[in-house]
Amino acid sequence: MRARRFVGETCFDQRGGLRRYRCRSCKKTFNALTGTPLASLKKRHKLAAYGQAMVDGLSLRKAAKRVGINLTTAFDWRHRLLKQPAKGKPTRLEGVVEAIK
């Protein structure tokens, strides 16, 4: 999901395998990953392997070594991925609650 809507999107460039668009009203540029945890990642192709290392419960150092990234990158990615689900938390829960005896 993008942080804001853009008016009159025009594709004008393709960098890093992603099309780049420009808003006709505000002239800002964006791509499909703008506003997501994947935005501005340089080694996107290694993120799935890093996610698996997180699921496996590896420490930062072990995960970085397994994936082939720097320890600082592993730290940044972990925080980037872990803070994202918190943004989607509902403020109020609704619905039917069922209990089994």
# chains A, B, ... in the order shown; residues from 1 in each chain; ligands from 1
call {"tool": "residues_around", "arguments": {"residues": "Gln52 in chain A", "least_positions_apart": "3", "cutoff": "12 Å", "atoms": "only C-alpha atoms", "output": "JSON list (two decimals) with C-alpha atoms, in the first residue's frame"}}
result
[["chain", "number", "residue", "atom", "x", "y", "z"],
["A", 46, "LYS", "CA", 18.03, -11.94, -0.35],
["A", 47, "LEU", "CA", 15.06, -10.86, 1.74],
["A", 48, "ALA", "CA", 13.15, -14.16, 1.41],
["A", 49, "ALA", "CA", 16.18, -16.10, 2.69],
["A", 55, "VAL", "CA", 11.39, -17.91, 11.14],
["A", 56, "ASP", "CA", 14.08, -20.46, 12.01],
["A", 57, "GLY", "CA", 14.91, -18.34, 15.08],
["A", 58, "LEU", "CA", 18.53, -17.59, 14.15],
["A", 63, "ALA", "CA", 21.18, -15.04, 9.92],
["A", 64, "ALA", "CA", 23.54, -12.50, 8.35],
["A", 66, "ARG", "CA", 23.62, -17.64, 6.25],
["A", 67, "VAL", "CA", 22.15, -15.05, 3.87],
["A", 78, "ARG", "CA", 14.76, -7.24, 11.19]]
call {"tool": "select_by_dssp", "arguments": {"residues": "range 10-92 of chain A", "states": "strand (DSSP E)", "output": "PyMOL selection string"}}
result
chain A and resi 10-15+18-22+29-30
call {"tool": "write_last_selection", "arguments": {"atoms": "N, CA and C atoms", "output": "PDB file, in the first residue's frame"}}
result
ATOM      1  N   THR A  10       2.189   8.607 -14.564  1.00  0.00           N
ATOM      2  CA  THR A  10       2.819   8.433 -15.855  1.00  0.00           C
ATOM      3  C   THR A  10       4.107   7.654 -15.668  1.00  0.00           C
ATOM      4  N   CYS A  11       4.247   6.533 -16.385  1.00  0.00           N
ATOM      5  CA  CYS A  11       5.472   5.749 -16.304  1.00  0.00           C
ATOM      6  C   CYS A  11       6.543   6.447 -17.125  1.00  0.00           C
ATOM      7  N   PHE A  12       7.715   6.680 -16.530  1.00  0.00           N
ATOM      8  CA  PHE A  12       8.752   7.382 -17.270  1.00  0.00           C
ATOM      9  C   PHE A  12      10.122   6.735 -17.178  1.00  0.00           C
ATOM     10  N   ASP A  13      10.316   5.761 -16.336  1.00  0.00           N
ATOM     11  CA  ASP A  13      11.645   5.183 -16.172  1.00  0.00           C
ATOM     12  C   ASP A  13      11.511   3.789 -15.580  1.00  0.00           C
ATOM     13  N   GLN A  14      12.563   3.002 -15.708  1.00  0.00           N
ATOM     14  CA  GLN A  14      12.580   1.684 -15.089  1.00  0.00           C
ATOM     15  C   GLN A  14      13.954   1.465 -14.492  1.00  0.00           C
ATOM     16  N   ARG A  15      14.020   1.400 -13.166  1.00  0.00           N
ATOM     17  CA  ARG A  15      15.281   1.214 -12.451  1.00  0.00           C
ATOM     18  C   ARG A  15      15.174  -0.011 -11.562  1.00  0.00           C
ATOM     19  N   LEU A  18      12.074  -2.219 -11.584  1.00  0.00           N
ATOM     20  CA  LEU A  18      10.775  -1.657 -11.202  1.00  0.00           C
ATOM     21  C   LEU A  18      10.469  -0.430 -12.050  1.00  0.00           C
ATOM     22  N   ARG A  19       9.239  -0.335 -12.507  1.00  0.00           N
ATOM     23  CA  ARG A  19       8.836   0.865 -13.226  1.00  0.00           C
ATOM     24  C   ARG A  19       8.726   2.032 -12.261  1.00  0.00           C
ATOM     25  N   ARG A  20       9.146   3.178 -12.713  1.00  0.00           N
ATOM     26  CA  ARG A  20       9.094   4.390 -11.910  1.00  0.00           C
ATOM     27  C   ARG A  20       8.009   5.280 -12.497  1.00  0.00           C
ATOM     28  N   TYR A  21       7.174   5.860 -11.626  1.00  0.00           N
ATOM     29  CA  TYR A  21       6.059   6.700 -12.055  1.00  0.00           C
ATOM     30  C   TYR A  21       6.222   8.105 -11.499  1.00  0.00           C
ATOM     31  N   ARG A  22       5.586   9.064 -12.164  1.00  0.00           N
ATOM     32  CA  ARG A  22       5.594  10.447 -11.690  1.00  0.00           C
ATOM     33  C   ARG A  22       4.138  10.925 -11.611  1.00  0.00           C
ATOM     34  N   THR A  29       7.979  11.211  -7.614  1.00  0.00           N
ATOM     35  CA  THR A  29       8.131   9.919  -8.262  1.00  0.00           C
ATOM     36  C   THR A  29       7.961   8.801  -7.244  1.00  0.00           C
ATOM     37  N   PHE A  30       7.560   7.628  -7.727  1.00  0.00           N
ATOM     38  CA  PHE A  30       7.329   6.483  -6.863  1.00  0.00           C
ATOM     39  C   PHE A  30       7.364   5.225  -7.710  1.00  0.00           C
TER      40      PHE A  30
END
call {"tool": "residues_around", "arguments": {"residues": "His45 in chain A", "least_positions_apart": "2", "cutoff": "12 Å", "atoms": "only C-alpha atoms", "output": "list in words"}}
result
Gly16, Gly17, Leu38, Leu41, Lys42, Lys43, Leu47, Ala48, Ala49, Tyr50, Gly51, Val67, Gly68 and Ile69 of chain A
call {"tool": "write_last_selection", "arguments": {"atoms": "N, CA and C atoms", "output": "CSV table (one decimal), in the first residue's frame"}}
result
chain,number,residue,atom,x,y,z
A,16,GLY,N,16.2,-0.8,-11.6
A,16,GLY,CA,16.3,-2.0,-10.7
A,16,GLY,C,15.1,-2.9,-10.9
A,17,GLY,N,14.6,-3.0,-12.2
A,17,GLY,CA,13.6,-3.9,-12.5
A,17,GLY,C,12.2,-3.4,-12.1
A,38,LEU,N,9.6,-3.0,1.7
A,38,LEU,CA,10.5,-3.3,0.7
A,38,LEU,C,11.1,-2.1,0.0
A,41,LEU,N,15.3,-1.1,-0.6
A,41,LEU,CA,16.1,-2.2,-0.3
A,41,LEU,C,17.1,-2.4,-1.5
A,42,LYS,N,18.3,-2.6,-1.2
A,42,LYS,CA,19.3,-2.8,-2.3
A,42,LYS,C,19.5,-4.3,-2.6
A,43,LYS,N,19.2,-5.2,-1.7
A,43,LYS,CA,19.4,-6.6,-1.9
A,43,LYS,C,18.1,-7.3,-1.7
A,47,LEU,N,16.0,-11.1,0.6
A,47,LEU,CA,15.1,-10.9,1.7
A,47,LEU,C,14.3,-12.1,2.1
A,48,ALA,N,13.9,-12.9,1.1
A,48,ALA,CA,13.2,-14.2,1.4
A,48,ALA,C,14.0,-15.1,2.3
A,49,ALA,N,15.3,-15.2,1.9
A,49,ALA,CA,16.2,-16.1,2.7
A,49,ALA,C,16.3,-15.6,4.1
A,50,TYR,N,16.4,-14.2,4.2
A,50,TYR,CA,16.5,-13.6,5.6
A,50,TYR,C,15.3,-13.9,6.4
A,51,GLY,N,14.1,-13.7,5.7
A,51,GLY,CA,12.8,-14.0,6.4
A,51,GLY,C,12.8,-15.4,6.9
A,67,VAL,N,22.7,-15.7,5.0
A,67,VAL,CA,22.2,-15.0,3.9
A,67,VAL,C,23.2,-14.4,3.1
A,68,GLY,N,24.3,-14.0,3.7
A,68,GLY,CA,25.4,-13.3,3.0
A,68,GLY,C,25.3,-11.8,3.0
A,69,ILE,N,24.8,-11.3,4.1
A,69,ILE,CA,24.6,-9.8,4.3
A,69,ILE,C,25.4,-9.4,5.5
call {"tool": "select_by_dssp", "arguments": {"residues": "range 40-96 of chain A", "states": "helix (DSSP H, G or I)", "output": "PDB file with C-alpha atoms, in the first residue's frame"}}
result
ATOM      1  CA  ARG A  44      15.752  -7.417  -2.264  1.00  0.00           C
ATOM      2  CA  HIS A  45      16.557 -10.849  -3.724  1.00  0.00           C
ATOM      3  CA  LYS A  46      18.035 -11.936  -0.353  1.00  0.00           C
ATOM      4  CA  LEU A  47      15.055 -10.855   1.741  1.00  0.00           C
ATOM      5  CA  ALA A  48      13.154 -14.159   1.414  1.00  0.00           C
ATOM      6  CA  ALA A  49      16.177 -16.098   2.687  1.00  0.00           C
ATOM      7  CA  TYR A  50      16.531 -13.628   5.558  1.00  0.00           C
ATOM      8  CA  GLY A  51      12.838 -14.012   6.410  1.00  0.00           C
ATOM      9  CA  GLN A  52      13.322 -17.786   6.570  1.00  0.00           C
ATOM     10  CA  ALA A  53      16.302 -17.277   8.886  1.00  0.00           C
ATOM     11  CA  MET A  54      14.062 -15.185  11.150  1.00  0.00           C
ATOM     12  CA  VAL A  55      11.393 -17.907  11.142  1.00  0.00           C
ATOM     13  CA  LEU A  60      21.332 -11.712  13.874  1.00  0.00           C
ATOM     14  CA  ARG A  61      24.908 -12.869  13.336  1.00  0.00           C
ATOM     15  CA  LYS A  62      23.925 -16.357  12.190  1.00  0.00           C
ATOM     16  CA  ALA A  63      21.182 -15.044   9.921  1.00  0.00           C
ATOM     17  CA  ALA A  64      23.538 -12.502   8.351  1.00  0.00           C
ATOM     18  CA  LYS A  65      26.151 -15.183   7.738  1.00  0.00           C
ATOM     19  CA  ARG A  66      23.618 -17.636   6.253  1.00  0.00           C
ATOM     20  CA  VAL A  67      22.151 -15.050   3.871  1.00  0.00           C
ATOM     21  CA  LEU A  71      25.298  -7.634  10.421  1.00  0.00           C
ATOM     22  CA  THR A  72      24.074  -4.027  10.247  1.00  0.00           C
ATOM     23  CA  THR A  73      21.889  -4.896   7.251  1.00  0.00           C
ATOM     24  CA  ALA A  74      20.429  -7.861   9.151  1.00  0.00           C
ATOM     25  CA  PHE A  75      19.634  -5.590  12.108  1.00  0.00           C
ATOM     26  CA  ASP A  76      17.968  -2.980   9.884  1.00  0.00           C
ATOM     27  CA  TRP A  77      15.943  -5.578   7.988  1.00  0.00           C
ATOM     28  CA  ARG A  78      14.763  -7.242  11.195  1.00  0.00           C
ATOM     29  CA  HIS A  79      13.474  -3.953  12.585  1.00  0.00           C
ATOM     30  CA  ARG A  80      11.932  -3.009   9.258  1.00  0.00           C
ATOM     31  CA  LEU A  81      10.039  -6.317   9.036  1.00  0.00           C
ATOM     32  CA  LEU A  82       9.004  -6.486  12.696  1.00  0.00           C
ATOM     33  CA  LYS A  83       7.555  -2.979  12.919  1.00  0.00           C
ATOM     34  CA  GLN A  84       5.302  -3.468   9.889  1.00  0.00           C
ATOM     35  CA  PRO A  85       2.671  -5.786  11.478  1.00  0.00           C
ATOM     36  CA  ALA A  86       2.249  -3.304  14.349  1.00  0.00           C
ATOM     37  CA  LYS A  87       1.011  -0.681  11.878  1.00  0.00           C
TER      38      LYS A  87
END
